[in-house]
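Listing of model.tsv; format and content: TSV, C-alpha atoms.
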```tsv
chain	number	residue	atom	x	y	z
H	5	MET	CA	146.66	149.44	154.65
H	6	LYS	CA	149.46	146.88	154.67
H	7	PHE	CA	148.77	144.74	151.60
H	8	CYS	CA	147.74	145.36	147.98
H	9	ALA	CA	144.04	144.65	147.41
H	10	ASP	CA	144.85	143.68	143.79
H	11	CYS	CA	147.75	141.25	144.24
H	12	GLY	CA	148.10	140.62	148.00
H	13	GLN	CA	151.73	141.73	148.23
H	14	GLU	CA	153.07	144.40	150.60
H	15	VAL	CA	152.44	148.12	150.11
H	16	ALA	CA	154.65	151.00	151.27
H	17	GLN	CA	154.05	154.73	151.60
H	18	GLN	CA	155.73	156.54	148.71
H	19	ILE	CA	155.24	159.75	146.75
H	20	PRO	CA	154.41	158.64	143.17
H	21	ASP	CA	155.91	160.46	140.17
H	22	GLY	CA	153.98	163.68	139.51
H	23	ASP	CA	152.27	163.55	142.90
H	24	ASP	CA	153.03	165.65	145.98
H	25	ARG	CA	151.97	163.43	148.86
H	26	PRO	CA	152.59	159.88	150.11
H	27	ARG	CA	150.30	157.10	148.86
H	28	PHE	CA	150.11	153.39	149.51
H	29	VAL	CA	152.03	151.86	146.58
H	30	CYS	CA	152.25	148.11	145.95
H	31	GLN	CA	155.89	146.99	146.00
H	32	SER	CA	155.06	144.18	143.56
H	33	CYS	CA	152.45	145.33	140.97
H	34	GLU	CA	153.05	149.10	141.57
H	35	LYS	CA	149.35	149.85	141.92
H	36	ILE	CA	148.71	153.15	143.75
H	37	HIS	CA	145.93	152.87	146.36
H	38	TYR	CA	144.27	156.23	147.08
H	39	VAL	CA	142.40	156.68	150.35
H	40	ASN	CA	139.34	158.84	149.87
H	41	PRO	CA	137.22	160.71	152.41
H	42	LYS	CA	133.90	159.10	153.32
H	43	LEU	CA	130.53	160.76	153.04
H	44	VAL	CA	127.86	160.37	155.72
H	45	VAL	CA	124.32	161.29	154.64
H	46	GLY	CA	121.48	161.97	157.03
H	47	CYS	CA	118.51	164.16	157.75
H	48	ILE	CA	116.50	166.18	160.21
H	49	PRO	CA	113.03	164.57	160.02
H	50	THR	CA	110.37	167.08	161.04
H	51	TRP	CA	106.78	166.65	162.27
H	52	GLU	CA	104.94	169.88	163.06
H	53	ASP	CA	107.31	171.72	165.45
H	54	LYS	CA	109.15	168.56	166.49
H	55	ILE	CA	112.12	166.62	165.12
H	56	LEU	CA	112.71	162.88	165.13
H	57	MET	CA	115.83	161.53	166.83
H	58	VAL	CA	117.15	158.03	167.45
H	59	LYS	CA	118.99	156.57	170.46
H	60	ARG	CA	121.85	154.43	169.20
H	61	ALA	CA	121.73	150.66	169.76
H	62	ILE	CA	125.20	150.18	168.27
H	63	GLU	CA	128.74	151.30	168.96
H	64	PRO	CA	130.22	153.82	168.80
H	65	ARG	CA	128.16	155.98	171.16
H	66	TYR	CA	125.75	153.26	172.25
H	67	GLY	CA	122.80	154.76	174.15
H	68	LEU	CA	123.33	158.34	172.94
H	69	TRP	CA	121.03	160.36	170.70
H	70	THR	CA	121.57	161.31	167.08
H	71	LEU	CA	119.82	161.99	163.79
H	72	PRO	CA	119.26	159.21	161.22
H	73	ALA	CA	122.54	159.15	159.26
H	74	GLY	CA	125.12	156.75	157.87
H	75	TYR	CA	127.66	156.09	155.15
H	76	LEU	CA	126.56	156.60	151.58
H	77	GLU	CA	126.57	153.28	149.70
H	78	GLY	CA	128.05	152.70	146.26
H	79	GLY	CA	125.55	153.29	143.44
H	80	GLU	CA	123.28	155.40	145.63
H	81	SER	CA	122.29	159.06	145.35
H	82	VAL	CA	122.78	161.23	148.44
H	83	ALA	CA	119.04	161.75	148.96
H	84	ASP	CA	118.35	158.01	148.54
H	85	GLY	CA	121.05	157.33	151.13
H	86	ALA	CA	119.50	159.69	153.68
H	87	ARG	CA	116.08	158.14	153.02
H	88	ARG	CA	117.48	154.62	153.49
H	89	GLU	CA	119.23	155.46	156.75
H	90	THR	CA	116.05	157.02	158.12
H	91	ARG	CA	114.09	153.90	157.20
H	92	GLU	CA	116.76	151.57	158.65
H	93	GLU	CA	117.32	153.43	161.93
H	94	ALA	CA	113.86	154.82	162.66
H	95	LYS	CA	111.49	152.93	160.34
H	96	ALA	CA	110.33	156.36	159.20
H	97	ARG	CA	109.23	157.59	155.78
H	98	LEU	CA	110.20	161.03	154.51
H	99	GLY	CA	108.62	163.50	152.12
H	100	GLU	CA	110.78	165.74	149.93
H	101	LEU	CA	114.40	166.11	151.02
H	102	THR	CA	115.99	169.57	150.92
H	103	PRO	CA	119.78	169.87	151.21
H	104	TYR	CA	120.58	171.82	154.36
H	105	ALA	CA	124.13	171.44	155.69
H	106	MET	CA	127.52	170.05	154.79
H	107	TYR	CA	130.18	169.56	157.46
H	108	ASN	CA	133.87	168.92	156.89
H	109	LEU	CA	135.48	166.67	159.52
H	110	PRO	CA	139.03	166.80	158.14
H	111	GLU	CA	140.66	165.14	161.19
H	112	ILE	CA	138.83	161.90	160.38
H	113	SER	CA	138.48	162.45	156.59
H	114	GLN	CA	134.70	162.47	156.75
H	115	LEU	CA	132.01	164.68	155.31
H	116	TYR	CA	128.41	164.96	156.48
H	117	LEU	CA	125.58	166.00	154.20
H	118	ILE	CA	122.35	166.65	156.11
H	119	PHE	CA	118.92	167.20	154.55
H	120	ARG	CA	115.72	168.57	156.04
H	121	ALA	CA	112.63	166.47	155.37
H	122	PRO	CA	109.07	166.25	156.69
H	123	LEU	CA	107.90	162.88	158.01
H	124	LEU	CA	105.02	161.46	155.98
H	125	ASP	CA	103.38	160.08	159.12
H	126	THR	CA	104.23	159.16	162.74
H	127	ASP	CA	104.58	155.43	162.04
H	128	PHE	CA	108.21	155.34	163.12
H	129	GLY	CA	109.86	152.95	165.55
H	130	THR	CA	112.99	151.22	166.74
H	131	SER	CA	115.15	148.80	164.75
H	132	SER	CA	118.25	146.73	165.39
H	133	GLU	CA	120.18	150.03	165.20
H	134	SER	CA	118.05	152.07	167.64
H	135	LEU	CA	117.01	151.62	171.28
H	136	GLU	CA	114.43	154.38	171.09
H	137	THR	CA	112.98	156.78	168.53
H	138	ARG	CA	110.99	159.84	169.48
H	139	LEU	CA	109.88	163.31	168.50
H	140	PHE	CA	111.45	166.20	170.40
H	141	LEU	CA	110.41	169.80	170.82
H	142	GLU	CA	113.41	172.14	170.80
H	143	GLU	CA	113.28	172.50	174.62
H	144	GLU	CA	113.29	168.71	175.01
H	145	ILE	CA	116.45	167.99	172.96
H	146	PRO	CA	118.89	165.94	175.11
H	147	TRP	CA	121.87	168.23	174.43
H	148	ASP	CA	124.06	166.50	177.02
H	149	GLN	CA	123.36	163.02	175.62
H	150	MET	CA	124.25	163.61	171.99
H	151	ALA	CA	126.31	160.96	170.19
H	152	PHE	CA	128.16	163.26	167.78
H	153	LYS	CA	129.39	166.85	167.89
H	154	VAL	CA	128.50	167.35	164.22
H	155	ILE	CA	124.85	166.50	164.89
H	156	LYS	CA	124.72	168.78	167.92
H	157	GLU	CA	126.10	171.68	165.84
H	158	CYS	CA	123.68	170.95	163.03
H	159	LEU	CA	120.66	171.00	165.32
H	160	LYS	CA	121.77	174.25	166.97
H	161	HIS	CA	122.06	175.76	163.51
H	162	PHE	CA	118.66	174.38	162.54
H	163	PHE	CA	116.81	175.81	165.54
H	164	ASN	CA	118.50	179.15	164.98
H	165	ASP	CA	117.43	179.18	161.33
H	166	ARG	CA	113.92	178.18	162.34
H	167	LYS	CA	113.45	181.51	164.14
H	168	SER	CA	113.42	183.22	160.76
H	169	GLU	CA	112.05	180.21	158.88
H	170	THR	CA	114.86	180.46	156.32
H	171	TYR	CA	117.25	177.55	155.87
H	172	PRO	CA	120.00	178.49	153.43
H	173	PHE	CA	122.41	175.67	152.54
H	174	PHE	CA	125.78	176.08	154.25
H	175	ILE	CA	129.16	174.35	154.65
H	176	GLU	CA	131.13	174.43	157.91
H	177	ASP	CA	134.08	172.70	159.56
H	178	ILE	CA	133.87	170.57	162.69
H	179	LYS	CA	137.08	170.40	164.69
H	180	LEU	CA	137.59	167.01	166.36
H	181	ASP	CA	140.11	165.35	168.57
H	182	ARG	CA	141.08	162.56	166.19
H	183	ARG	CA	141.96	160.13	169.02
H	184	LEU	CA	138.35	160.14	170.18
H	185	TYR	CA	136.84	159.60	166.75
H	186	LEU	CA	138.88	156.88	165.13
H	187	ASP	CA	135.93	154.68	164.32
H	188	ARG	CA	133.52	157.33	163.07
A	23	MET	CA	139.37	143.89	145.42
A	24	LYS	CA	140.89	140.42	145.62
A	25	PHE	CA	143.04	140.51	148.77
A	26	CYS	CA	142.65	141.87	152.31
A	27	ALA	CA	144.50	145.18	152.80
A	28	ASP	CA	145.03	144.29	156.48
A	29	CYS	CA	146.42	140.75	156.26
A	30	GLY	CA	147.03	140.01	152.55
A	31	GLN	CA	144.81	136.92	152.40
A	32	GLU	CA	141.94	136.37	149.93
A	33	VAL	CA	138.62	138.19	150.22
A	34	ALA	CA	135.21	136.97	149.00
A	35	GLN	CA	131.89	138.73	148.45
A	36	GLN	CA	129.53	137.86	151.31
A	37	ILE	CA	126.59	139.44	153.10
A	38	PRO	CA	127.79	140.04	156.69
A	39	ASP	CA	125.47	139.36	159.65
A	40	GLY	CA	123.05	142.25	160.11
A	41	ASP	CA	123.85	143.66	156.67
A	42	ASP	CA	121.71	143.47	153.52
A	43	ARG	CA	124.24	143.62	150.69
A	44	PRO	CA	127.43	141.84	149.65
A	45	ARG	CA	130.76	143.19	150.95
A	46	PHE	CA	134.35	142.13	150.48
A	47	VAL	CA	135.08	139.97	153.55
A	48	CYS	CA	138.53	138.58	154.37
A	49	GLN	CA	138.44	134.77	154.50
A	50	SER	CA	141.26	134.77	157.04
A	51	CYS	CA	140.92	137.72	159.48
A	52	GLU	CA	137.19	138.35	158.70
A	53	LYS	CA	137.68	142.09	158.20
A	54	ILE	CA	134.84	143.66	156.18
A	55	HIS	CA	136.08	146.07	153.50
A	56	TYR	CA	133.46	148.67	152.56
A	57	VAL	CA	133.75	150.43	149.21
A	58	ASN	CA	132.67	154.05	149.48
A	59	PRO	CA	131.68	156.54	146.78
A	60	LYS	CA	134.29	159.12	145.85
A	61	LEU	CA	133.80	162.86	145.95
A	62	VAL	CA	135.12	165.15	143.21
A	63	VAL	CA	135.37	168.84	144.12
A	64	GLY	CA	135.71	171.63	141.61
A	65	CYS	CA	134.62	175.12	140.72
A	66	ILE	CA	133.44	177.56	138.10
A	67	PRO	CA	136.08	180.32	138.25
A	68	THR	CA	134.60	183.60	137.03
A	69	TRP	CA	136.19	186.80	135.72
A	70	GLU	CA	133.77	189.54	134.71
A	71	ASP	CA	131.34	187.78	132.32
A	72	LYS	CA	133.79	184.98	131.48
A	73	ILE	CA	134.60	181.62	133.03
A	74	LEU	CA	137.96	179.87	133.23
A	75	MET	CA	138.29	176.41	131.67
A	76	VAL	CA	141.19	173.99	131.26
A	77	LYS	CA	142.08	171.66	128.38
A	78	ARG	CA	143.13	168.33	129.83
A	79	ALA	CA	146.76	167.20	129.42
A	80	ILE	CA	146.04	163.83	131.05
A	81	GLU	CA	143.87	160.80	130.41
A	82	PRO	CA	140.99	160.23	130.50
A	83	ARG	CA	139.70	162.77	127.97
A	84	TYR	CA	143.08	164.14	126.95
A	85	GLY	CA	142.67	167.33	124.88
A	86	LEU	CA	139.09	168.02	125.94
A	87	TRP	CA	137.83	170.95	128.02
A	88	THR	CA	136.65	170.90	131.62
A	89	LEU	CA	136.46	172.92	134.82
A	90	PRO	CA	139.18	172.66	137.49
A	91	ALA	CA	138.11	169.63	139.57
A	92	GLY	CA	139.50	166.48	141.14
A	93	TYR	CA	139.22	163.99	143.97
A	94	LEU	CA	138.98	165.37	147.48
A	95	GLU	CA	142.04	164.36	149.50
A	96	GLY	CA	142.02	162.93	153.01
A	97	GLY	CA	142.15	165.61	155.70
A	98	GLU	CA	140.98	168.35	153.35
A	99	SER	CA	137.82	170.47	153.43
A	100	VAL	CA	135.72	170.56	150.26
A	101	ALA	CA	136.45	174.25	149.60
A	102	ASP	CA	140.19	173.72	150.17
A	103	GLY	CA	140.05	170.83	147.70
A	104	ALA	CA	138.40	172.95	145.00
A	105	ARG	CA	140.95	175.71	145.61
A	106	ARG	CA	143.85	173.23	145.36
A	107	GLU	CA	142.57	171.69	142.12
A	108	THR	CA	142.18	175.15	140.59
A	109	ARG	CA	145.73	176.02	141.58
A	110	GLU	CA	147.13	172.69	140.33
A	111	GLU	CA	145.29	172.61	137.00
A	112	ALA	CA	145.11	176.29	136.09
A	113	LYS	CA	147.59	178.04	138.42
A	114	ALA	CA	144.70	180.29	139.35
A	115	ARG	CA	143.77	181.87	142.68
A	116	LEU	CA	140.17	182.13	143.81
A	117	GLY	CA	138.25	184.53	146.04
A	118	GLU	CA	135.39	183.30	148.19
A	119	LEU	CA	133.89	179.94	147.21
A	120	THR	CA	130.10	179.55	147.20
A	121	PRO	CA	128.59	176.04	147.02
A	122	TYR	CA	126.59	175.76	143.82
A	123	ALA	CA	125.84	172.23	142.61
A	124	MET	CA	126.06	168.61	143.69
A	125	TYR	CA	125.73	165.81	141.13
A	126	ASN	CA	125.13	162.14	141.84
A	127	LEU	CA	126.83	159.78	139.37
A	128	PRO	CA	125.51	156.52	140.85
A	129	GLU	CA	126.65	154.32	137.93
A	130	ILE	CA	130.27	155.04	138.83
A	131	SER	CA	129.75	155.73	142.58
A	132	GLN	CA	130.94	159.29	142.30
A	133	LEU	CA	129.69	162.62	143.55
A	134	TYR	CA	130.63	166.06	142.27
A	135	LEU	CA	130.49	169.18	144.40
A	136	ILE	CA	130.97	172.35	142.37
A	137	PHE	CA	131.51	175.84	143.78
A	138	ARG	CA	131.30	179.26	142.12
A	139	ALA	CA	134.26	181.53	142.79
A	140	PRO	CA	135.65	184.77	141.37
A	141	LEU	CA	139.26	184.73	140.17
A	142	LEU	CA	141.47	187.09	142.19
A	143	ASP	CA	143.41	188.05	139.05
A	144	THR	CA	144.13	186.80	135.52
A	145	ASP	CA	147.52	185.30	136.38
A	146	PHE	CA	146.48	181.79	135.42
A	147	GLY	CA	148.28	179.35	133.16
A	148	THR	CA	148.95	175.79	132.15
A	149	SER	CA	150.47	173.05	134.31
A	150	SER	CA	151.45	169.41	133.87
A	151	GLU	CA	147.69	168.65	133.96
A	152	SER	CA	146.54	171.22	131.37
A	153	LEU	CA	147.41	171.89	127.71
A	154	GLU	CA	145.64	175.23	127.70
A	155	THR	CA	143.76	177.48	130.11
A	156	ARG	CA	141.53	180.30	128.97
A	157	LEU	CA	138.58	182.52	129.73
A	158	PHE	CA	135.40	181.89	127.75
A	159	LEU	CA	132.34	184.00	127.15
A	160	GLU	CA	129.16	181.91	127.15
A	161	GLU	CA	128.99	181.98	123.35
A	162	GLU	CA	132.59	180.75	123.10
A	163	ILE	CA	132.18	177.61	125.29
A	164	PRO	CA	133.41	174.55	123.32
A	165	TRP	CA	130.25	172.49	123.98
A	166	ASP	CA	131.26	169.75	121.51
A	167	GLN	CA	134.74	169.35	123.06
A	168	MET	CA	133.77	168.87	126.69
A	169	ALA	CA	135.54	166.15	128.67
A	170	PHE	CA	132.69	165.24	131.03
A	171	LYS	CA	128.89	165.23	130.80
A	172	VAL	CA	128.59	166.40	134.42
A	173	ILE	CA	130.61	169.55	133.68
A	174	LYS	CA	128.58	170.26	130.54
A	175	GLU	CA	125.33	169.98	132.53
A	176	CYS	CA	126.70	172.16	135.30
A	177	LEU	CA	127.72	174.92	132.91
A	178	LYS	CA	124.34	174.86	131.15
A	179	HIS	CA	122.70	175.23	134.55
A	180	PHE	CA	125.07	178.06	135.46
A	181	PHE	CA	124.41	180.11	132.34
A	182	ASN	CA	120.69	179.62	132.80
A	183	ASP	CA	120.87	180.80	136.42
A	184	ARG	CA	122.98	183.75	135.33
A	185	LYS	CA	120.06	185.19	133.37
A	186	SER	CA	118.32	185.92	136.68
A	187	GLU	CA	121.57	186.33	138.65
A	188	THR	CA	120.33	183.87	141.28
A	189	TYR	CA	122.29	180.70	141.93
A	190	PRO	CA	120.43	178.47	144.41
A	191	PHE	CA	122.30	175.35	145.52
A	192	PHE	CA	120.90	172.22	143.89
A	193	ILE	CA	121.45	168.44	143.68
A	194	GLU	CA	120.85	166.47	140.49
A	195	ASP	CA	121.59	163.05	139.02
A	196	ILE	CA	123.77	162.42	135.97
A	197	LYS	CA	122.96	159.24	134.08
A	198	LEU	CA	126.06	157.61	132.58
A	199	ASP	CA	126.88	154.60	130.50
A	200	ARG	CA	129.13	152.87	133.02
A	201	ARG	CA	131.18	151.15	130.31
A	202	LEU	CA	132.37	154.52	129.04
A	203	TYR	CA	133.29	155.93	132.44
A	204	LEU	CA	135.14	153.15	134.22
A	205	ASP	CA	138.14	155.28	135.02
A	206	ARG	CA	136.40	158.46	136.13
```
Rewrite the structure of this file - the entire thing - as structure tokens.
Amino acid sequence: MKFCADCGQEVAQQIPDGDDRPRFVCQSCEKIHYVNPKLVVGCIPTWEDKILMVKRAIEPRYGLWTLPAGYLEGGESVADGARRETREEAKARLGELTPYAMYNLPEISQLYLIFRAPLLDTDFGTSSESLETRLFLEEEIPWDQMAFKVIKECLKHFFNDRKSETYPFFIEDIKLDRRLYLDR
Amino acid sequence: MKFCADCGQEVAQQIPDGDDRPRFVCQSCEKIHYVNPKLVVGCIPTWEDKILMVKRAIEPRYGLWTLPAGYLEGGESVADGARRETREEAKARLGELTPYAMYNLPEISQLYLIFRAPLLDTDFGTSSESLETRLFLEEEIPWDQMAFKVIKECLKHFFNDRKSETYPFFIEDIKLDRRLYLDR
């Protein structure tokens, strides 16, 4: 951030009165601009003993596999966001969504919230955001062609939980090399 | 948003190519500025059969009661954020945090994530953000002096769950009159 979104004049990093960390403060209108972490919502769509994954048709990580997921929009609930991303990326329709995992990615100020959800049918397909969509058995998962570490960790956790068929909600940290993840 | 944070020129609301909703787009450098929902993290600090609440010393809702909670900072995990807010607002130290509730507030593009956590001791107190901090039994909760609907709903849920001593994680929506909540 270089300029004030309210008045268009220059901002500078300063610690405001009563605060304890630097913020972007407008040097003209004095507005303080806070930078907030972003939430990514997504899901593990299931069909019998398979899960649905999508091969990315967009950067970053073009051509690599992931789960349907994307930034939560303003005015949207987290479950609605996960449902929308699944429709947009895989043209798939979900049944009931159950919260499953939250991941902190502090190096890039992101959070992931992942649901589990059964597919309503197998009428899924590609979109402008996906090169391929398909159902995978656990032994078919392309572990070495995964787009994002957080999704890889989530799926490992999922298949481990599936052994006991219990899926308690959990929160974990993902440690990233920030230089590699600047755009996501 | 009126001006581009990158170049200081005017922005306008437009639907970018491949998108389906209006965004703030710079009319000079063409940067698209997405507006993301904000996450508030907080907790229900417990001590024996009491919970710790704080009376707000800041606007909005000056003089009304709430739980320790505030915006998640960049680079911070959700549990660390709840711990920090509890320390800042009530000078209290928490034991292990357990995720308890998530609330969608779509009218104001906010999310709340609330943990349960035992206090480590009763060395809590007021700060620049709180007029008063105290432990409440359920029957002492000041229901008609609560600062935020979401906190009221969360505490009702908590005391109901406490009857059975089971606290499953849940996600619910809070319906707000946006005109009354513009600043929070």
After a least-squares superposition on chain A using every in-order C-alpha pair, I'd like chain H written out as a tab-separated table (two decimals) with C-alpha atoms, in the frame of the given file.
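Written output follows (selection09.tsv):
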```tsv
chain	number	residue	atom	x	y	z
H	5	MET	CA	139.36	143.90	145.40
H	6	LYS	CA	140.88	140.43	145.58
H	7	PHE	CA	143.03	140.54	148.73
H	8	CYS	CA	142.65	141.88	152.28
H	9	ALA	CA	144.50	145.18	152.76
H	10	ASP	CA	145.04	144.26	156.44
H	11	CYS	CA	146.42	140.72	156.20
H	12	GLY	CA	147.02	140.01	152.49
H	13	GLN	CA	144.81	136.93	152.33
H	14	GLU	CA	141.93	136.41	149.88
H	15	VAL	CA	138.60	138.22	150.18
H	16	ALA	CA	135.20	137.00	148.96
H	17	GLN	CA	131.88	138.75	148.44
H	18	GLN	CA	129.53	137.87	151.29
H	19	ILE	CA	126.58	139.46	153.09
H	20	PRO	CA	127.78	140.05	156.69
H	21	ASP	CA	125.48	139.35	159.65
H	22	GLY	CA	123.03	142.24	160.09
H	23	ASP	CA	123.82	143.66	156.66
H	24	ASP	CA	121.69	143.48	153.51
H	25	ARG	CA	124.23	143.64	150.70
H	26	PRO	CA	127.43	141.85	149.64
H	27	ARG	CA	130.75	143.18	150.94
H	28	PHE	CA	134.35	142.14	150.46
H	29	VAL	CA	135.08	139.97	153.52
H	30	CYS	CA	138.53	138.59	154.32
H	31	GLN	CA	138.42	134.78	154.44
H	32	SER	CA	141.26	134.78	156.98
H	33	CYS	CA	140.93	137.73	159.43
H	34	GLU	CA	137.19	138.35	158.68
H	35	LYS	CA	137.69	142.07	158.17
H	36	ILE	CA	134.83	143.65	156.17
H	37	HIS	CA	136.08	146.07	153.49
H	38	TYR	CA	133.46	148.69	152.56
H	39	VAL	CA	133.75	150.45	149.22
H	40	ASN	CA	132.68	154.06	149.50
H	41	PRO	CA	131.67	156.55	146.81
H	42	LYS	CA	134.30	159.14	145.86
H	43	LEU	CA	133.81	162.87	145.96
H	44	VAL	CA	135.13	165.15	143.21
H	45	VAL	CA	135.36	168.84	144.13
H	46	GLY	CA	135.71	171.64	141.62
H	47	CYS	CA	134.62	175.12	140.71
H	48	ILE	CA	133.44	177.56	138.09
H	49	PRO	CA	136.08	180.33	138.24
H	50	THR	CA	134.60	183.60	137.02
H	51	TRP	CA	136.20	186.81	135.70
H	52	GLU	CA	133.77	189.55	134.70
H	53	ASP	CA	131.34	187.79	132.31
H	54	LYS	CA	133.77	184.99	131.47
H	55	ILE	CA	134.60	181.62	133.03
H	56	LEU	CA	137.95	179.86	133.21
H	57	MET	CA	138.28	176.39	131.68
H	58	VAL	CA	141.18	173.99	131.26
H	59	LYS	CA	142.07	171.65	128.38
H	60	ARG	CA	143.13	168.31	129.83
H	61	ALA	CA	146.75	167.19	129.44
H	62	ILE	CA	146.04	163.82	131.07
H	63	GLU	CA	143.86	160.80	130.44
H	64	PRO	CA	140.99	160.22	130.53
H	65	ARG	CA	139.69	162.75	128.01
H	66	TYR	CA	143.08	164.11	126.97
H	67	GLY	CA	142.68	167.29	124.91
H	68	LEU	CA	139.08	168.00	125.97
H	69	TRP	CA	137.83	170.92	128.03
H	70	THR	CA	136.64	170.88	131.62
H	71	LEU	CA	136.45	172.91	134.82
H	72	PRO	CA	139.18	172.66	137.50
H	73	ALA	CA	138.11	169.63	139.56
H	74	GLY	CA	139.51	166.48	141.14
H	75	TYR	CA	139.22	163.99	143.97
H	76	LEU	CA	138.97	165.36	147.48
H	77	GLU	CA	142.05	164.37	149.51
H	78	GLY	CA	142.01	162.94	153.02
H	79	GLY	CA	142.16	165.62	155.72
H	80	GLU	CA	140.97	168.35	153.37
H	81	SER	CA	137.82	170.47	153.45
H	82	VAL	CA	135.71	170.56	150.28
H	83	ALA	CA	136.44	174.24	149.61
H	84	ASP	CA	140.19	173.71	150.18
H	85	GLY	CA	140.05	170.82	147.71
H	86	ALA	CA	138.40	172.93	145.01
H	87	ARG	CA	140.95	175.70	145.63
H	88	ARG	CA	143.84	173.22	145.37
H	89	GLU	CA	142.59	171.69	142.13
H	90	THR	CA	142.18	175.14	140.59
H	91	ARG	CA	145.74	176.03	141.59
H	92	GLU	CA	147.13	172.69	140.33
H	93	GLU	CA	145.30	172.61	136.99
H	94	ALA	CA	145.12	176.29	136.08
H	95	LYS	CA	147.60	178.04	138.41
H	96	ALA	CA	144.69	180.29	139.35
H	97	ARG	CA	143.77	181.88	142.68
H	98	LEU	CA	140.16	182.12	143.82
H	99	GLY	CA	138.25	184.52	146.04
H	100	GLU	CA	135.36	183.29	148.19
H	101	LEU	CA	133.88	179.94	147.20
H	102	THR	CA	130.09	179.55	147.20
H	103	PRO	CA	128.60	176.05	147.02
H	104	TYR	CA	126.60	175.77	143.81
H	105	ALA	CA	125.86	172.23	142.61
H	106	MET	CA	126.05	168.62	143.68
H	107	TYR	CA	125.74	165.82	141.13
H	108	ASN	CA	125.14	162.15	141.85
H	109	LEU	CA	126.83	159.79	139.38
H	110	PRO	CA	125.52	156.54	140.86
H	111	GLU	CA	126.67	154.32	137.95
H	112	ILE	CA	130.29	155.05	138.85
H	113	SER	CA	129.76	155.73	142.59
H	114	GLN	CA	130.97	159.31	142.31
H	115	LEU	CA	129.70	162.62	143.56
H	116	TYR	CA	130.63	166.07	142.26
H	117	LEU	CA	130.48	169.18	144.40
H	118	ILE	CA	130.98	172.36	142.35
H	119	PHE	CA	131.51	175.85	143.78
H	120	ARG	CA	131.30	179.25	142.12
H	121	ALA	CA	134.26	181.53	142.79
H	122	PRO	CA	135.66	184.77	141.36
H	123	LEU	CA	139.27	184.73	140.16
H	124	LEU	CA	141.47	187.09	142.16
H	125	ASP	CA	143.41	188.06	139.04
H	126	THR	CA	144.13	186.79	135.49
H	127	ASP	CA	147.52	185.30	136.37
H	128	PHE	CA	146.47	181.78	135.42
H	129	GLY	CA	148.28	179.35	133.15
H	130	THR	CA	148.94	175.78	132.15
H	131	SER	CA	150.47	173.05	134.32
H	132	SER	CA	151.45	169.42	133.87
H	133	GLU	CA	147.70	168.66	133.97
H	134	SER	CA	146.54	171.22	131.37
H	135	LEU	CA	147.42	171.89	127.73
H	136	GLU	CA	145.63	175.23	127.71
H	137	THR	CA	143.75	177.49	130.10
H	138	ARG	CA	141.52	180.31	128.95
H	139	LEU	CA	138.57	182.52	129.73
H	140	PHE	CA	135.39	181.87	127.75
H	141	LEU	CA	132.33	183.99	127.13
H	142	GLU	CA	129.15	181.91	127.14
H	143	GLU	CA	128.98	181.97	123.31
H	144	GLU	CA	132.58	180.73	123.10
H	145	ILE	CA	132.17	177.60	125.28
H	146	PRO	CA	133.39	174.54	123.31
H	147	TRP	CA	130.24	172.48	123.98
H	148	ASP	CA	131.26	169.74	121.54
H	149	GLN	CA	134.73	169.35	123.08
H	150	MET	CA	133.76	168.86	126.70
H	151	ALA	CA	135.55	166.14	128.69
H	152	PHE	CA	132.69	165.24	131.05
H	153	LYS	CA	128.91	165.23	130.81
H	154	VAL	CA	128.60	166.40	134.43
H	155	ILE	CA	130.60	169.55	133.68
H	156	LYS	CA	128.59	170.26	130.54
H	157	GLU	CA	125.33	169.98	132.53
H	158	CYS	CA	126.71	172.17	135.29
H	159	LEU	CA	127.71	174.93	132.90
H	160	LYS	CA	124.33	174.85	131.14
H	161	HIS	CA	122.70	175.22	134.54
H	162	PHE	CA	125.07	178.04	135.46
H	163	PHE	CA	124.41	180.11	132.34
H	164	ASN	CA	120.69	179.61	132.80
H	165	ASP	CA	120.88	180.80	136.41
H	166	ARG	CA	122.99	183.75	135.33
H	167	LYS	CA	120.06	185.18	133.36
H	168	SER	CA	118.34	185.91	136.66
H	169	GLU	CA	121.56	186.33	138.63
H	170	THR	CA	120.33	183.87	141.27
H	171	TYR	CA	122.30	180.69	141.93
H	172	PRO	CA	120.44	178.50	144.41
H	173	PHE	CA	122.31	175.36	145.51
H	174	PHE	CA	120.89	172.23	143.89
H	175	ILE	CA	121.45	168.46	143.68
H	176	GLU	CA	120.84	166.47	140.48
H	177	ASP	CA	121.58	163.05	139.01
H	178	ILE	CA	123.77	162.42	135.98
H	179	LYS	CA	122.96	159.24	134.09
H	180	LEU	CA	126.06	157.59	132.60
H	181	ASP	CA	126.89	154.57	130.55
H	182	ARG	CA	129.14	152.87	133.09
H	183	ARG	CA	131.24	151.13	130.40
H	184	LEU	CA	132.44	154.49	129.13
H	185	TYR	CA	133.32	155.90	132.53
H	186	LEU	CA	135.18	153.17	134.34
H	187	ASP	CA	138.19	155.30	135.15
H	188	ARG	CA	136.42	158.48	136.20
```
List the neighbours of segment 116-131 of chain A out to 7 Å using all atoms listed in the file; skip same-chain residues closer than 4 positions along the sequence, and give me the result as a ChimeraX atom specification. /H:78-81 /A:59-60,101,105,135-142,189-198,200,204
Segment 141-150 of chain A: axis-aligned bounding box, 4 Å on each side, centre and edge lengths in Å, one decimal, as AutoDock Vina command-line options:
```
--center_x 145.4 --center_y 178.7 --center_z 137.2 --size_x 20.2 --size_y 26.6 --size_z 18.0
```
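Across the structure, atom CA of Ile54 of chain A and atom CA of Met150 of chain H are spaced 27.6 Å apart.
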Pairwise distance for atom CA of Cys65 of chain A and atom CA of Thr155 of chain A, rounded to one decimal in Å: 14.2 Å
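The gap separating atom CA of Leu61 of chain A from atom CA of Asp84 of chain H is 16.4 Å, in Å to one decimal.
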